[in-house]
file my_file.tsv (TSV, C-alpha atoms)
chain	number	residue	atom	x	y	z
A	1	MET	CA	-27.77	100.54	161.16
A	2	ILE	CA	-24.46	102.07	160.16
A	3	SER	CA	-23.44	105.37	161.68
A	4	THR	CA	-20.33	107.43	161.33
A	5	ASP	CA	-18.82	110.12	163.48
A	6	ARG	CA	-17.52	113.42	162.13
A	7	SER	CA	-14.30	111.85	160.90
A	8	GLY	CA	-16.22	109.22	158.94
A	9	GLU	CA	-15.22	106.38	161.25
A	10	VAL	CA	-17.75	103.54	161.39
A	11	GLY	CA	-19.36	103.69	164.81
A	12	VAL	CA	-22.05	101.04	165.15
A	13	ARG	CA	-20.81	98.15	163.03
A	14	THR	CA	-17.45	96.93	161.87
A	15	THR	CA	-16.75	96.41	158.18
A	16	GLU	CA	-17.13	92.65	158.69
A	17	GLN	CA	-20.55	93.15	160.27
A	18	VAL	CA	-21.58	95.37	157.36
A	19	LYS	CA	-20.44	92.68	154.89
A	20	LEU	CA	-22.52	90.08	156.74
A	21	SER	CA	-25.58	92.34	156.62
A	22	VAL	CA	-25.14	93.00	152.89
A	23	GLU	CA	-24.77	89.27	152.17
A	24	HIS	CA	-28.28	88.75	153.60
A	25	ALA	CA	-29.85	91.79	151.90
A	26	ASP	CA	-31.46	92.18	148.50
A	27	VAL	CA	-30.26	95.79	148.14
A	28	ALA	CA	-27.73	97.85	150.09
A	29	VAL	CA	-28.96	101.37	150.83
A	30	MET	CA	-26.09	103.48	152.10
A	31	CYS	CA	-26.57	106.88	153.71
A	32	LEU	CA	-23.26	108.73	153.36
A	33	GLY	CA	-21.93	112.23	153.16
A	34	LEU	CA	-21.15	115.33	155.15
A	35	ASP	CA	-22.83	117.62	157.62
A	36	ALA	CA	-22.58	121.28	158.54
A	37	THR	CA	-19.79	120.54	161.03
A	38	ILE	CA	-17.60	119.25	158.18
A	39	GLU	CA	-18.25	121.69	155.34
A	40	GLY	CA	-18.69	125.41	155.31
A	41	GLU	CA	-17.64	128.58	153.56
A	42	GLN	CA	-15.72	130.32	156.31
A	43	GLY	CA	-13.97	127.54	158.18
A	44	ASP	CA	-10.34	126.75	158.74
A	45	ALA	CA	-9.09	124.64	155.80
A	46	ARG	CA	-6.39	123.12	158.01
A	47	ASN	CA	-9.16	121.75	160.21
A	48	GLU	CA	-10.95	119.90	157.40
A	49	TYR	CA	-13.23	117.64	159.45
A	50	ALA	CA	-14.06	120.13	162.19
A	51	SER	CA	-16.01	122.91	160.48
A	52	GLY	CA	-13.40	123.87	157.91
A	53	ASP	CA	-13.50	124.09	154.15
A	54	LYS	CA	-13.18	120.72	152.44
A	55	LEU	CA	-9.76	119.93	151.05
A	56	GLY	CA	-11.19	117.61	148.40
A	57	LEU	CA	-14.40	116.24	146.91
A	58	ASN	CA	-14.16	112.71	148.32
A	59	LEU	CA	-16.23	111.23	151.11
A	60	PRO	CA	-14.54	111.65	154.50
A	61	GLY	CA	-12.79	108.99	156.54
A	62	LEU	CA	-13.75	105.41	155.91
A	63	GLN	CA	-17.01	106.19	154.08
A	64	GLU	CA	-15.57	105.80	150.57
A	65	GLU	CA	-13.70	102.62	151.54
A	66	LEU	CA	-16.90	101.17	153.01
A	67	LEU	CA	-18.86	102.10	149.87
A	68	GLU	CA	-16.25	100.44	147.64
A	69	THR	CA	-16.34	97.31	149.81
A	70	VAL	CA	-20.14	97.07	149.65
A	71	ALA	CA	-20.25	97.81	145.89
A	72	ALA	CA	-17.74	94.99	145.27
A	73	MET	CA	-20.02	92.44	146.93
A	74	GLY	CA	-22.25	92.07	143.88
A	75	LYS	CA	-25.49	93.36	145.39
A	76	PRO	CA	-27.38	96.36	144.00
A	77	VAL	CA	-26.33	99.53	145.84
A	78	VAL	CA	-28.31	102.75	146.31
A	79	VAL	CA	-26.37	105.67	147.78
A	80	LEU	CA	-28.12	108.52	149.54
A	81	LEU	CA	-25.66	111.42	149.71
A	82	MET	CA	-26.25	113.98	152.44
A	83	ALA	CA	-24.15	117.06	151.69
A	84	GLY	CA	-24.38	120.70	150.77
A	85	SER	CA	-21.76	120.45	148.05
A	86	ALA	CA	-20.37	118.15	145.38
A	87	ILE	CA	-19.04	114.70	146.26
A	88	ASP	CA	-16.85	113.01	143.63
A	89	LEU	CA	-17.39	109.26	143.14
A	90	PRO	CA	-15.79	108.75	139.70
A	91	TRP	CA	-15.47	104.96	140.00
A	92	ALA	CA	-19.16	104.59	140.90
A	93	GLU	CA	-20.38	105.69	137.46
A	94	HIS	CA	-18.85	102.59	135.93
A	95	ASN	CA	-19.63	100.09	138.68
A	96	PRO	CA	-22.48	97.83	137.52
A	97	ASN	CA	-23.71	97.35	141.11
A	98	MET	CA	-24.33	101.07	141.67
A	99	LYS	CA	-28.00	101.37	140.78
A	100	ALA	CA	-28.62	104.92	142.00
A	101	ILE	CA	-26.90	107.85	143.64
A	102	VAL	CA	-29.39	110.32	145.05
A	103	ASP	CA	-28.04	113.67	146.17
A	104	CYS	CA	-30.35	114.48	149.07
A	105	TRP	CA	-28.52	117.68	150.06
A	106	TYR	CA	-29.58	118.48	153.64
A	107	PRO	CA	-33.20	117.32	153.52
A	108	GLY	CA	-34.56	118.95	156.68
A	109	ALA	CA	-37.07	117.78	159.28
A	110	ARG	CA	-39.29	115.75	156.91
A	111	GLY	CA	-36.38	114.55	154.78
A	112	GLY	CA	-36.30	111.00	156.13
A	113	LYS	CA	-39.98	110.46	155.36
A	114	VAL	CA	-39.68	111.91	151.87
A	115	ILE	CA	-36.55	109.87	151.11
A	116	ALA	CA	-38.32	106.69	152.28
A	117	GLU	CA	-41.32	107.50	150.05
A	118	MET	CA	-38.95	107.96	147.11
A	119	LEU	CA	-37.13	104.67	147.85
A	120	PHE	CA	-40.44	102.79	147.94
A	121	GLY	CA	-41.54	104.21	144.59
A	122	GLU	CA	-44.20	106.68	145.68
A	123	PHE	CA	-42.63	109.26	143.38
A	124	SER	CA	-39.70	109.59	141.02
A	125	PRO	CA	-37.08	112.14	142.05
A	126	SER	CA	-36.24	114.84	139.56
A	127	GLY	CA	-34.84	118.31	139.47
A	128	LYS	CA	-32.57	120.75	137.76
A	129	LEU	CA	-29.19	121.57	139.18
A	130	PRO	CA	-28.32	125.25	139.53
A	131	VAL	CA	-24.71	124.26	140.22
A	132	ARG	CA	-21.92	122.44	138.43
A	133	PHE	CA	-20.51	119.21	139.89
A	134	TYR	CA	-16.82	118.67	139.21
A	135	HIS	CA	-14.84	115.46	138.94
A	136	GLY	CA	-11.89	116.13	141.21
A	137	THR	CA	-10.35	119.33	142.49
A	138	GLU	CA	-8.06	119.77	139.46
A	139	ASN	CA	-11.06	121.03	137.45
A	140	LEU	CA	-12.27	123.54	140.03
A	141	PRO	CA	-12.07	127.17	138.87
A	142	VAL	CA	-9.95	129.60	140.83
A	143	TRP	CA	-12.18	131.95	142.82
A	144	ASN	CA	-11.22	135.56	143.33
A	145	ILE	CA	-12.88	137.11	146.38
A	146	ARG	CA	-13.09	140.48	144.62
A	147	ASP	CA	-15.16	138.89	141.85
A	148	ASP	CA	-17.57	137.60	144.50
A	149	TYR	CA	-18.75	134.71	142.29
A	150	GLU	CA	-19.20	136.87	139.17
A	151	ARG	CA	-18.85	135.22	135.73
A	152	ARG	CA	-15.22	135.18	134.66
A	153	GLU	CA	-13.59	134.94	131.24
A	154	ASP	CA	-12.19	131.44	131.86
A	155	ILE	CA	-15.71	129.97	132.08
A	156	PRO	CA	-16.95	129.10	128.56
A	157	ALA	CA	-19.89	131.15	127.29
A	158	GLY	CA	-23.23	129.47	127.84
A	159	SER	CA	-21.99	127.14	130.57
A	160	SER	CA	-24.13	128.20	133.48
A	161	GLY	CA	-23.49	124.86	135.13
A	162	ALA	CA	-27.19	124.07	135.37
A	163	GLY	CA	-27.77	120.41	134.69
A	164	SER	CA	-24.17	119.81	133.69
A	165	GLY	CA	-23.56	117.16	136.33
A	166	THR	CA	-23.32	113.46	135.55
A	167	ALA	CA	-26.37	111.37	136.40
A	168	LEU	CA	-26.40	107.63	136.88
call {"tool": "encode", "arguments": {"input": "my_file.tsv", "output": "structure tokens"}}
result
Amino acid sequence: MISTDRSGEVGVRTTEQVKLSVEHADVAVMCLGLDATIEGEQGDARNEYASGDKLGLNLPGLQEELLETVAAMGKPVVVLLMAGSAIDLPWAEHNPNMKAIVDCWYPGARGGKVIAEMLFGEFSPSGKLPVRFYHGTENLPVWNIRDDYERREDIPAGSSGAGSGTAL
């Protein structure tokens, strides 16, 4: 079992122990992401990993480094992302070992059971995104509080964002 604290530091196993576990596994299933203590809409951006707004779209702390290490080992990797917003993993789209990235959002009380059922093939996950997922912060639109999320002229006509994310 791999766990991380709020800063993304590996808590239960060292990277070497994770590598040893992956060497003996058929598939690496990695549960990564954020929680409500890390991301929010009204936090202090200077306090990124303690209930502030995120400064970027990357995984926090050592999570991305650990994912890259595991993906480089040659085993199939399934990533379960727990987050309430976009996470950018641009290198993962082109990594042949990344077999699936499932955005689980914050799945709630029965989420673990449902995710396990999905992993064991009891159903195929599907859905339509009502949001746009960006690659990197340089593509994020500038938000004006007075607009309060209204459509602006710099967003191309017909681009609601629904389903415009990249799927693996």
call {"tool": "closest_residue", "arguments": {"input": "my_file.tsv", "among": "A:Phe133, A:Ser85, A:Val29, A:Leu57", "to": "A:Ala116", "atoms": "only C-alpha atoms"}}
result
A:Val29
call {"tool": "closest_residue", "arguments": {"input": "my_file.tsv", "among": "A:Val70, A:Arg110, A:Met30, A:His135", "to": "A:Glu93", "atoms": "all atoms listed in the file"}}
result
A:His135
call {"tool": "atom_distance", "arguments": {"input": "my_file.tsv", "atom1": "atom CA of A:Val27", "atom2": "atom CA of A:Glu117"}}
result
16.2 Å
call {"tool": "atom_distance", "arguments": {"input": "my_file.tsv", "atom1": "atom CA of A:Leu20", "atom2": "atom CA of A:Leu89"}}
result
24.1 Å
call {"tool": "atom_distance", "arguments": {"input": "my_file.tsv", "atom1": "atom CA of A:Glu138", "atom2": "atom CA of A:Tyr106"}}
result
25.8 Å
call {"tool": "closest_residue", "arguments": {"input": "my_file.tsv", "among": "A:Leu119, A:Ala92, A:Leu80, A:Leu62", "to": "A:Pro107", "atoms": "only C-alpha atoms"}}
result
A:Leu80
call {"tool": "closest_residue", "arguments": {"input": "my_file.tsv", "among": "A:Pro60, A:Val114, A:Leu66, A:Asp35", "to": "A:Thr15", "atoms": "all atoms listed in the file"}}
result
A:Leu66
call {"tool": "residues_around", "arguments": {"input": "my_file.tsv", "residues": "A:Gly136", "least_positions_apart": "2", "cutoff": "12 Å", "atoms": "all atoms listed in the file", "output": "list in words"}}
result
Leu55, Gly56, Leu57, Asn58, Leu59, Ala86, Ile87, Asp88, Leu89, Pro90, Trp91, Phe133, Tyr134, Glu138, Asn139, Leu140 and Pro141 of chain A
call {"tool": "closest_residue", "arguments": {"input": "my_file.tsv", "among": "A:Glu65, A:Ala25, A:Ala71, A:Met82", "to": "A:Ile38", "atoms": "all atoms listed in the file"}}
result
A:Met82
call {"tool": "closest_residue", "arguments": {"input": "my_file.tsv", "among": "A:Glu122, A:Glu39, A:Asp26, A:Glu16", "to": "A:Val78", "atoms": "only C-alpha atoms"}}
result
A:Asp26
